[in-house]
Structures are given as C-alpha cells and as structure tokens.
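What follows is a set of notes on a single structure, which appears directly below.
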Amino acid sequence: MLHPHTEVRWINKEIGCGIVATRDIPKGTITWAFDPLDRLFTPHQVEDISGVCRETLYKYSYRNRDGNYVFCWDNTRFMNHSFKPNCITTAYGFELAVRDIAEGEELTNDYGSLNILEPFHACDEGTERKVVYPDDLARHYECWDRQLESAFKSVHRVEQPLRELLSDKQWETACHIAEKRSPMDSILNCLHRG
C-alpha cells in the first residue's frame, strides 16, 4: 500500500502520470509496504495470462527476490523511475523515503532495484547513468544501502501511517536498525538470482 498522503497527477508528456506527495513526507517514512491486497504471480502463472493482461502485468509489476511478479492493487503502479530516487525499497517488504519529500514533489524509485528483465533508456536527469539495466541492483546496491542506512535512523521518530501493515517483527527490526542495535540487511538481498 502506498503512503496515504499521495495522489496520482499528470507529470508531463514524456513521463505521463506519477505519484505526488499531498503533504510533506519526512526522510525515514515508510512510503510503501506490501499488503494483503497486493498479488504475487509466479512465472508459471504469468505464462498462463495472455494478451493485454500479460502486458499490463509486465508494465505495472516488479519482480521480487524469488522471481515472482508483485502486482500492486493501488496507485503504486504509477510510481516512476528516477536515477535520483527519493524512495528506495528495503530487504524488509517496504520502501523508505531516503530524503525529505516536499508537498507537490513526485515520489520516485530506481527501477534498477526492481529486477527488471530488459534494459531501457530513462529520462535524462543529468546523471552519469542514462540506461536502467537488469543487473543494476548488483552494481549499485552499496550506494542505495548508504541512503537506506541514513533513512533508517529516523524511522522510529517520524509519523508512520503505514505502520499497521508491518508485522511486529518487521517494526522491531526497523527500530533496532534505527537504534543501531542490529545491522541493516542489504538491498542486495532483494536481487533475484535466477
């Protein structure tokens, strides 16, 4: 489930629609969490889906570490890619804001962390990277880990509207990381190695 203080808005002709914050979202906020309404599709199940439904699934889902396709039921599917994302997925089934997100700002993540199958050229953001590759997670995890470690420091100090979607164990782990009582699992643990 996507953070409740967001909405879908038109961004521009090149990008289309995206997710925009309707109020300030501080660094360390859980911006998305896997919930019971999200659907998992195995690769076998995807093969049994035909035509436009399969294309839609490929377009609006990501692959988890097991190689299953995660199809989010809500507006999460409109979250766009950025080489300078303000949200990054964790190894714990949720995403964190890795910097403060201002009201009216688009929420983004780096599709390179989502086990994509095919490379694609993304909008030029003035970064060295211009193409998202299937092996980006293995190549860039250290940078994303540093951003996540910094964001985790605030996780227990900011409002968490999605807290109820986390199990007690997930929340306890997040707080232990914030308090430096446990190390953070690397985002590399999200890599599908199939």
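Just remember, in the structure tokens the first chain shown is A, the second B, etc., residues are 1-based per chain, and ligands are 1-based in the order shown.
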- Item | Backbone-only DSSP, helix (DSSP H, G or I) members of region 66-121 of chain A, as a PyMOL selection string | chain A and resi 75-78+111-113
- Message: Excluding region 24-41 of chain A and its own-chain neighbours fewer than 2 positions away, which residues fall within 6 Å of it when counting only C-alpha atoms? Please give them as a VMD selection string.
- Response: chain A and resid 1 to 3 45 68 to 73 93 to 103 151 to 152 154 to 155
- Atom pair CA of Ala178 (chain A) / CA of Glu149 (chain A): separation (Å): 8.2 Å
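Excluding Thr90 (chain A) and any residue on its chain fewer than 5 positions from it, the residues at most 10 Å away by only C-alpha atoms are Ala33, Glu95, Leu96, Ser113, Trp144, Asp145, Leu148, Met184, Asp185, Ser186, Ile187, Leu188, Asn189 and Cys190 of chain A.
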- Query: If you run DSSP on this backbone, which residues of chain A come out as strand (DSSP E), and could you give them as a PyMOL selection string?
  - Reply: chain A and resi 6-12+16-21+30-33+39-41+61-63+69-71+80-81+87-89+94-97+106-109+120-121+131-132
Export of prior selection with C-alpha atoms as a PDB file, in the first residue's frame:
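Wrote part-v7.pdb, looks like this:
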ATOM      1  CA  THR A   6      -0.082  10.905  -2.063  1.00  0.00           C
ATOM      2  CA  GLU A   7      -2.138  11.070  -5.238  1.00  0.00           C
ATOM      3  CA  VAL A   8      -1.799  10.384  -8.949  1.00  0.00           C
ATOM      4  CA  ARG A   9      -1.121  13.504 -11.014  1.00  0.00           C
ATOM      5  CA  TRP A  10      -0.155  14.279 -14.567  1.00  0.00           C
ATOM      6  CA  ILE A  11       3.597  14.978 -14.650  1.00  0.00           C
ATOM      7  CA  ASN A  12       4.305  15.764 -18.331  1.00  0.00           C
ATOM      8  CA  GLY A  16       2.746  10.671 -18.094  1.00  0.00           C
ATOM      9  CA  CYS A  17       1.199  10.223 -14.652  1.00  0.00           C
ATOM     10  CA  GLY A  18       3.106   9.873 -11.405  1.00  0.00           C
ATOM     11  CA  ILE A  19       2.687   9.786  -7.637  1.00  0.00           C
ATOM     12  CA  VAL A  20       2.866  13.160  -5.904  1.00  0.00           C
ATOM     13  CA  ALA A  21       3.005  13.983  -2.184  1.00  0.00           C
ATOM     14  CA  ILE A  30       7.633   4.203   5.043  1.00  0.00           C
ATOM     15  CA  THR A  31       6.258   5.204   1.636  1.00  0.00           C
ATOM     16  CA  TRP A  32       5.070   1.762   0.544  1.00  0.00           C
ATOM     17  CA  ALA A  33       4.512  -1.591   2.240  1.00  0.00           C
ATOM     18  CA  ARG A  39      -0.871 -10.011  -5.682  1.00  0.00           C
ATOM     19  CA  LEU A  40       2.048 -12.304  -6.343  1.00  0.00           C
ATOM     20  CA  PHE A  41       2.256 -14.099  -9.674  1.00  0.00           C
ATOM     21  CA  SER A  61       4.694  -5.050 -11.619  1.00  0.00           C
ATOM     22  CA  TYR A  62       8.179  -5.722 -10.331  1.00  0.00           C
ATOM     23  CA  ARG A  63       9.974  -8.981  -9.552  1.00  0.00           C
ATOM     24  CA  TYR A  69       5.856 -10.683 -10.032  1.00  0.00           C
ATOM     25  CA  VAL A  70       4.383  -8.300  -7.462  1.00  0.00           C
ATOM     26  CA  PHE A  71       1.315  -6.511  -8.820  1.00  0.00           C
ATOM     27  CA  ASN A  80       8.051   6.444 -11.803  1.00  0.00           C
ATOM     28  CA  HIS A  81      11.729   5.734 -12.176  1.00  0.00           C
ATOM     29  CA  CYS A  87      12.216   6.302  -2.167  1.00  0.00           C
ATOM     30  CA  ILE A  88      14.190   3.068  -2.066  1.00  0.00           C
ATOM     31  CA  THR A  89      12.998  -0.447  -1.385  1.00  0.00           C
ATOM     32  CA  PHE A  94       8.641  -1.889   2.458  1.00  0.00           C
ATOM     33  CA  GLU A  95      10.125   1.267   0.918  1.00  0.00           C
ATOM     34  CA  LEU A  96      11.572   4.250   2.753  1.00  0.00           C
ATOM     35  CA  ALA A  97      11.816   7.925   1.893  1.00  0.00           C
ATOM     36  CA  GLU A 106       6.860  13.374  -7.175  1.00  0.00           C
ATOM     37  CA  LEU A 107       7.741  10.149  -5.336  1.00  0.00           C
ATOM     38  CA  THR A 108      10.180   8.034  -7.347  1.00  0.00           C
ATOM     39  CA  ASN A 109      12.284   4.928  -7.070  1.00  0.00           C
ATOM     40  CA  PHE A 120      15.528   0.768 -21.026  1.00  0.00           C
ATOM     41  CA  HIS A 121      16.551   4.364 -21.661  1.00  0.00           C
ATOM     42  CA  VAL A 131      20.009   3.402 -19.075  1.00  0.00           C
ATOM     43  CA  VAL A 132      18.413   1.108 -16.490  1.00  0.00           C
TER      44      VAL A 132
END
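Coordinates place CA of Arg181 (chain A) at a distance of 25.7 Å from CA of Arg65 (chain A).
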- Query: Taking only C-alpha atoms into account, which of A:Ile177, A:Val52, A:Ala91, A:Ala122 comes nearest Lys153 (chain A)?
  - Reply: A:Ile177
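Of note, CA of Arg139 (chain A) and CA of Tyr60 (chain A) are spaced 23.5 Å apart.
Compared by their closest atoms to Glu105 (chain A), and using only C-alpha atoms, the residues A:Pro119, A:Arg193, A:Thr22, A:Asp48 rank with A:Thr22 nearest.
Closest approach to Tyr141 (chain A) among A:Ser182, A:Arg157, A:Leu191, A:Thr127 is made by A:Leu191 (distances from only C-alpha atoms).
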